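The next block is start05.cif, given as mmCIF, C-alpha atoms and all ligand atoms.
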data_start
loop_
_atom_site.group_PDB
_atom_site.id
_atom_site.type_symbol
_atom_site.label_atom_id
_atom_site.label_comp_id
_atom_site.auth_asym_id
_atom_site.auth_seq_id
_atom_site.Cartn_x
_atom_site.Cartn_y
_atom_site.Cartn_z
ATOM 1 C CA MET A 1 185.336 120.907 -123.972
ATOM 2 C CA LYS A 2 183.185 119.788 -121.067
ATOM 3 C CA MET A 3 180.709 117.031 -121.878
ATOM 4 C CA LYS A 4 177.121 117.863 -121.103
ATOM 5 C CA THR A 5 175.897 115.826 -118.159
ATOM 6 C CA THR A 6 172.898 113.609 -118.723
ATOM 7 C CA THR A 7 169.868 114.725 -116.772
ATOM 8 C CA ILE A 8 167.048 112.723 -115.228
ATOM 9 C CA LEU A 9 164.720 114.803 -117.422
ATOM 10 C CA GLU A 10 166.455 113.649 -120.618
ATOM 11 C CA LEU A 11 166.426 109.975 -119.689
ATOM 12 C CA MET A 12 162.829 109.911 -118.558
ATOM 13 C CA THR A 13 161.564 112.013 -121.470
ATOM 14 C CA ALA A 14 163.200 109.548 -123.867
ATOM 15 C CA ASP A 15 161.430 106.737 -122.042
ATOM 16 C CA HIS A 16 158.083 108.565 -122.289
ATOM 17 C CA THR A 17 158.611 108.864 -126.045
ATOM 18 C CA LYS A 18 159.374 105.140 -126.289
ATOM 19 C CA ILE A 19 156.190 104.237 -124.386
ATOM 20 C CA LEU A 20 153.997 106.493 -126.529
ATOM 21 C CA LYS A 21 155.439 104.859 -129.640
ATOM 22 C CA LEU A 22 154.598 101.412 -128.250
ATOM 23 C CA LEU A 23 151.052 102.559 -127.477
ATOM 24 C CA HIS A 24 150.784 103.762 -131.049
ATOM 25 C CA ASP A 25 151.932 100.295 -132.190
ATOM 26 C CA VAL A 26 149.075 98.732 -130.200
ATOM 27 C CA GLU A 27 146.563 101.098 -131.765
ATOM 28 C CA LYS A 28 147.891 100.360 -135.258
ATOM 29 C CA SER A 29 147.678 96.616 -134.618
ATOM 30 C CA ILE A 30 143.933 96.583 -133.953
ATOM 31 C CA GLY A 31 142.391 94.113 -136.364
ATOM 32 C CA ILE A 32 145.377 91.798 -136.727
ATOM 33 C CA GLU A 33 145.350 88.269 -135.395
ATOM 34 C CA LEU A 34 144.757 88.209 -131.621
ATOM 35 C CA VAL A 35 147.978 86.404 -130.646
ATOM 36 C CA SER A 36 150.081 88.960 -132.508
ATOM 37 C CA LEU A 37 148.054 91.865 -131.173
ATOM 38 C CA MET A 38 148.547 90.657 -127.592
ATOM 39 C CA LYS A 39 152.286 90.365 -128.206
ATOM 40 C CA VAL A 40 152.386 94.013 -129.249
ATOM 41 C CA PHE A 41 150.316 94.882 -126.193
ATOM 42 C CA ASP A 42 152.616 92.845 -123.889
ATOM 43 C CA THR A 43 155.633 94.861 -125.046
ATOM 44 C CA PHE A 44 153.819 98.116 -124.386
ATOM 45 C CA GLU A 45 152.607 96.967 -120.959
ATOM 46 C CA TRP A 46 156.079 95.681 -119.986
ATOM 47 C CA GLU A 47 157.761 98.995 -120.806
ATOM 48 C CA LEU A 48 155.053 101.042 -119.111
ATOM 49 C CA GLU A 49 155.184 98.979 -115.920
ATOM 50 C CA LYS A 50 158.986 99.174 -115.890
ATOM 51 C CA HIS A 51 158.768 102.933 -116.259
ATOM 52 C CA ILE A 52 156.364 103.274 -113.343
ATOM 53 C CA PHE A 53 158.498 100.954 -111.229
ATOM 54 C CA THR A 54 161.566 103.084 -111.999
ATOM 55 C CA GLU A 55 159.800 106.283 -111.060
ATOM 56 C CA GLU A 56 158.409 104.979 -107.807
ATOM 57 C CA LYS A 57 161.363 102.873 -106.637
ATOM 58 C CA ALA A 58 164.352 104.816 -107.924
ATOM 59 C CA ILE A 59 163.221 108.404 -108.315
ATOM 60 C CA PHE A 60 160.311 109.454 -106.111
ATOM 61 C CA SER A 61 161.772 107.537 -103.173
ATOM 62 C CA SER A 62 164.985 109.605 -103.315
ATOM 63 C CA TYR A 63 163.196 112.907 -103.514
ATOM 64 C CA ASN A 64 163.505 115.153 -100.461
ATOM 65 C CA PRO A 65 161.797 118.307 -101.619
ATOM 66 C CA LYS A 66 163.055 121.713 -100.492
ATOM 67 C CA ASN A 67 159.526 122.980 -100.492
ATOM 68 C CA ILE A 68 158.026 120.293 -98.269
ATOM 69 C CA LEU A 69 154.376 121.175 -98.815
ATOM 70 C CA GLU A 70 154.625 121.361 -102.570
ATOM 71 C CA GLY A 71 156.977 118.410 -102.954
ATOM 72 C CA TYR A 72 155.259 115.935 -100.733
ATOM 73 C CA LYS A 73 151.901 116.701 -102.275
ATOM 74 C CA MET A 74 153.264 116.047 -105.760
ATOM 75 C CA VAL A 75 154.516 112.496 -105.152
ATOM 76 C CA PRO A 76 151.292 110.923 -103.784
ATOM 77 C CA GLU A 77 149.346 112.544 -106.610
ATOM 78 C CA LEU A 78 151.655 111.052 -109.217
ATOM 79 C CA VAL A 79 151.531 107.632 -107.536
ATOM 80 C CA GLN A 80 147.735 107.842 -107.518
ATOM 81 C CA GLN A 81 147.825 108.571 -111.262
ATOM 82 C CA HIS A 82 150.168 105.597 -111.778
ATOM 83 C CA ASN A 83 147.614 103.360 -110.089
ATOM 84 C CA GLU A 84 144.933 104.722 -112.387
ATOM 85 C CA ILE A 85 147.170 104.125 -115.424
ATOM 86 C CA LEU A 86 147.855 100.534 -114.330
ATOM 87 C CA ASN A 87 144.161 99.979 -113.820
ATOM 88 C CA LYS A 88 143.376 101.384 -117.248
ATOM 89 C CA ILE A 89 145.864 99.088 -118.976
ATOM 90 C CA ARG A 90 144.338 96.091 -117.197
ATOM 91 C CA ILE A 91 140.980 97.119 -118.663
ATOM 92 C CA MET A 92 142.639 97.708 -122.039
ATOM 93 C CA ARG A 93 144.033 94.159 -122.016
ATOM 94 C CA LYS A 94 140.544 92.741 -121.384
ATOM 95 C CA ASP A 95 138.954 94.914 -124.063
ATOM 96 C CA LEU A 96 141.563 93.824 -126.614
ATOM 97 C CA MET A 97 141.089 90.159 -125.709
ATOM 98 C CA TRP A 98 137.321 90.415 -126.102
ATOM 99 C CA ASN A 99 137.555 92.544 -129.227
ATOM 100 C CA LYS A 100 135.818 95.453 -127.571
ATOM 101 C CA THR A 101 136.418 99.083 -128.483
ATOM 102 C CA VAL A 102 139.431 100.520 -126.661
ATOM 103 C CA LYS A 103 139.237 104.122 -125.520
ATOM 104 C CA PHE A 104 142.673 105.067 -126.856
ATOM 105 C CA HIS A 105 141.849 108.744 -127.079
ATOM 106 C CA GLU A 106 140.786 108.992 -123.439
ATOM 107 C CA PHE A 107 143.778 106.948 -122.285
ATOM 108 C CA LYS A 108 146.204 109.055 -124.293
ATOM 109 C CA GLU A 109 144.805 112.271 -122.839
ATOM 110 C CA PHE A 110 145.316 110.914 -119.342
ATOM 111 C CA ILE A 111 148.905 109.809 -119.851
ATOM 112 C CA MET A 112 149.829 112.949 -121.802
ATOM 113 C CA ALA A 113 148.749 115.139 -118.887
ATOM 114 C CA HIS A 114 150.789 112.960 -116.520
ATOM 115 C CA LYS A 115 153.832 113.003 -118.807
ATOM 116 C CA THR A 116 153.620 116.768 -119.297
ATOM 117 C CA PHE A 117 153.520 117.377 -115.560
ATOM 118 C CA GLU A 118 156.555 115.172 -114.968
ATOM 119 C CA GLU A 119 158.528 116.750 -117.781
ATOM 120 C CA ALA A 120 157.587 120.340 -117.005
ATOM 121 C CA SER A 121 157.535 120.320 -113.222
ATOM 122 C CA LEU A 122 158.916 117.228 -111.546
ATOM 123 C CA TYR A 123 162.056 116.334 -113.467
ATOM 124 C CA PRO A 124 163.461 119.855 -113.965
ATOM 125 C CA LYS A 125 162.964 120.379 -110.228
ATOM 126 C CA LEU A 126 164.820 117.168 -109.380
ATOM 127 C CA ASP A 127 167.682 118.001 -111.743
ATOM 128 C CA GLN A 128 167.926 121.375 -110.073
ATOM 129 C CA GLU A 129 167.527 120.438 -106.421
ATOM 130 C CA LEU A 130 169.450 117.174 -106.120
ATOM 131 C CA THR A 131 173.199 117.085 -105.590
ATOM 132 C CA THR A 132 175.439 115.661 -108.311
ATOM 133 C CA GLY A 133 175.965 112.574 -106.165
ATOM 134 C CA GLN A 134 172.246 112.004 -105.635
ATOM 135 C CA LYS A 135 171.582 112.443 -109.337
ATOM 136 C CA GLU A 136 174.324 110.013 -110.308
ATOM 137 C CA GLU A 137 172.849 107.417 -108.003
ATOM 138 C CA ILE A 138 169.367 107.844 -109.477
ATOM 139 C CA ILE A 139 170.663 107.810 -113.066
ATOM 140 C CA LYS A 140 172.544 104.589 -112.355
ATOM 141 C CA LYS A 141 169.332 102.977 -111.128
ATOM 142 C CA ILE A 142 167.344 104.290 -114.110
ATOM 143 C CA ARG A 143 169.881 102.751 -116.486
ATOM 144 C CA GLU A 144 169.588 99.400 -114.741
ATOM 145 C CA ILE A 145 165.901 99.267 -115.560
ATOM 146 C CA VAL A 146 164.776 101.283 -118.587
HETATM 147 FE FE FE B 201 154.864 108.758 -113.978
HETATM 148 FE FE FE B 202 156.989 109.114 -116.348
#
Starting from the coordinates I provided, produce the structure as structure tokens.
Amino acid sequence: MKMKTTTILELMTADHTKILKLLHDVEKSIGIELVSLMKVFDTFEWELEKHIFTEEKAIFSSYNPKNILEGYKMVPELVQQHNEILNKIRIMRKDLMWNKTVKFHEFKEFIMAHKTFEEASLYPKLDQELTTGQKEEIIKKIREIV
């Protein structure tokens, strides 16, 4: 029996799930002692930043889209959204530190839309268009980081 090959989609979807769980942990920790709350936040931020680094440095950079117009438009848009996400978590850190209300709902909506696009459009396309060799190289890099 042939073993099913791991796909980029599977690995990155699992990482999305992990990050959402960590965000949920932050939300649940509101009200606990500040030092502990910031520790929970640090874990979330670390995993999210690692994820974005992986996407930009190991995945997007190896993507040579077949449909140039469509493909090359997709990557800058996703990178722009990453910058917005990073900016939002910087604000979130400040709000938590100063005990201000965090807009979890708004933040979650933003990252869910981003995640859905990657899982529905980007990653299936990469798994389909890249050669086995290219995919293996990317998967090796992903495993080094996430
Ligand atoms: Fe992303
Ligand atoms: Fe992602």
Two-atom distance - CA of Ile30 in chain A, CA of Thr116 in chain A (Å):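 Computed distance, CA of Ile30 in chain A to CA of Thr116 in chain A, equals 26.8 Å.
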Residue among A:Thr6, A:Asn64, A:Ser121, A:Thr101 lying closest to ligand FE 202 (chain B), counting only C-alpha atoms and all ligand atoms: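 So, comparing all the options, the nearest one is A:Ser121.
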Residue neighbourhood His114 in chain A, 9 Å, all atoms listed in the file, exclusion window fewer than 5 positions, as a list of chain:residue names: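 So the residues in contact are A:Leu78, A:Gln81, A:His82, A:Glu109, A:Glu119.
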With C-alpha atoms retained, export the selected residues as a PDB file, in the coordinates of the input.
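Ended up saving to result_32.pdb:
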ATOM      1  CA  LEU A  78     151.655 111.052-109.217  1.00  0.00           C
ATOM      2  CA  GLN A  81     147.825 108.571-111.262  1.00  0.00           C
ATOM      3  CA  HIS A  82     150.168 105.597-111.778  1.00  0.00           C
ATOM      4  CA  GLU A 109     144.805 112.271-122.839  1.00  0.00           C
ATOM      5  CA  GLU A 119     158.528 116.750-117.781  1.00  0.00           C
TER       6      GLU A 119
END
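With CA of Glu47 in chain A on one side and CA of Ile19 in chain A on the other, the separation reads 6.5 Å.
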Residues matched by the PyMOL selection byres (((chain A and resi 43) around 10) and not hetatm), written as a ChimeraX atom specification: /A:19,22-23,25-26,38-42,44-48
Selection under test: the PyMOL selection byres (((not hetatm)) within 10 of (chain B and resi 201)); residues as a list of chain:residue names: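 Checked against the file, the PyMOL selection byres (((not hetatm)) within 10 of (chain B and resi 201)) matches A:Met12, A:His16, A:Leu48, A:Glu49, A:His51, A:Ile52, A:Phe53, A:Thr54, A:Glu55, A:Glu56, A:Phe60, A:Val75, A:Glu77, A:Leu78, A:Val79, A:Gln80, A:Gln81, A:His82, A:Asn83, A:Ile85, A:Ile111, A:His114, A:Lys115, A:Thr116, A:Phe117, A:Glu118, A:Glu119, A:Leu122.
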Atom pair CA of Lys73 in chain A / CA of Ala58 in chain A: separation (Å):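 Between CA of Lys73 in chain A and CA of Ala58 in chain A the gap works out to 18.1 Å.
Taking all atoms listed in the file into account, Gly31 in chain A lies nearest to A:Met97 out of the set A:Leu86, A:Met97, A:Met74, A:Ile145.
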Just need the box for range 9-19 of chain A, edges along x, y and z, holding every atom the file lists for it with 6 Å tacked onto each side, so centre and edge lengths in Å to one decimal, as lines of an AutoDock Vina configuration file.
center_x = 161.3
center_y = 109.5
center_z = -121.9
size_x = 22.3
size_y = 22.6
size_z = 20.9
Selected residue of minimal separation from ligand FE 202 (chain B) among A:Ile32, A:Val146, A:Lys141, A:Lys100, counting all atoms listed in the file: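 Smallest distance to ligand FE 202 (chain B) is found for A:Val146.
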Chain and number of each residue from the PyMOL selection byres (((chain A and resi 10) around 12) and not hetatm), as a list in words: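 Answer for the PyMOL selection byres (((chain A and resi 10) around 12) and not hetatm): Lys4, Thr5, Thr6, Thr7, Ile8, Leu9, Leu11, Met12, Thr13, Ala14, Asp15, His16, Thr17, Glu118, Glu119, Ala120, Tyr123, Pro124, Leu126, Asp127, Ile139 and Ile142 of chain A.
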Top pick for closest residue to ligand FE 202 (chain B), considering A:Lys103, A:Lys94, A:Lys50, A:Lys21 and counting all atoms listed in the file: A:Lys50
Among the residues A:Ile89, A:Ile138, A:Ala113, A:Lys125, the one that comes closest to ligand FE 202 (chain B) [using only C-alpha atoms and all ligand atoms]: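 Among the listed residues, the smallest separation from ligand FE 202 (chain B) belongs to A:Ala113.
Distances to ligand FE 202 (chain B) were evaluated for A:Thr131, A:Met112, A:Glu136, A:Val35 using all atoms listed in the file, and the minimum falls at A:Met112.
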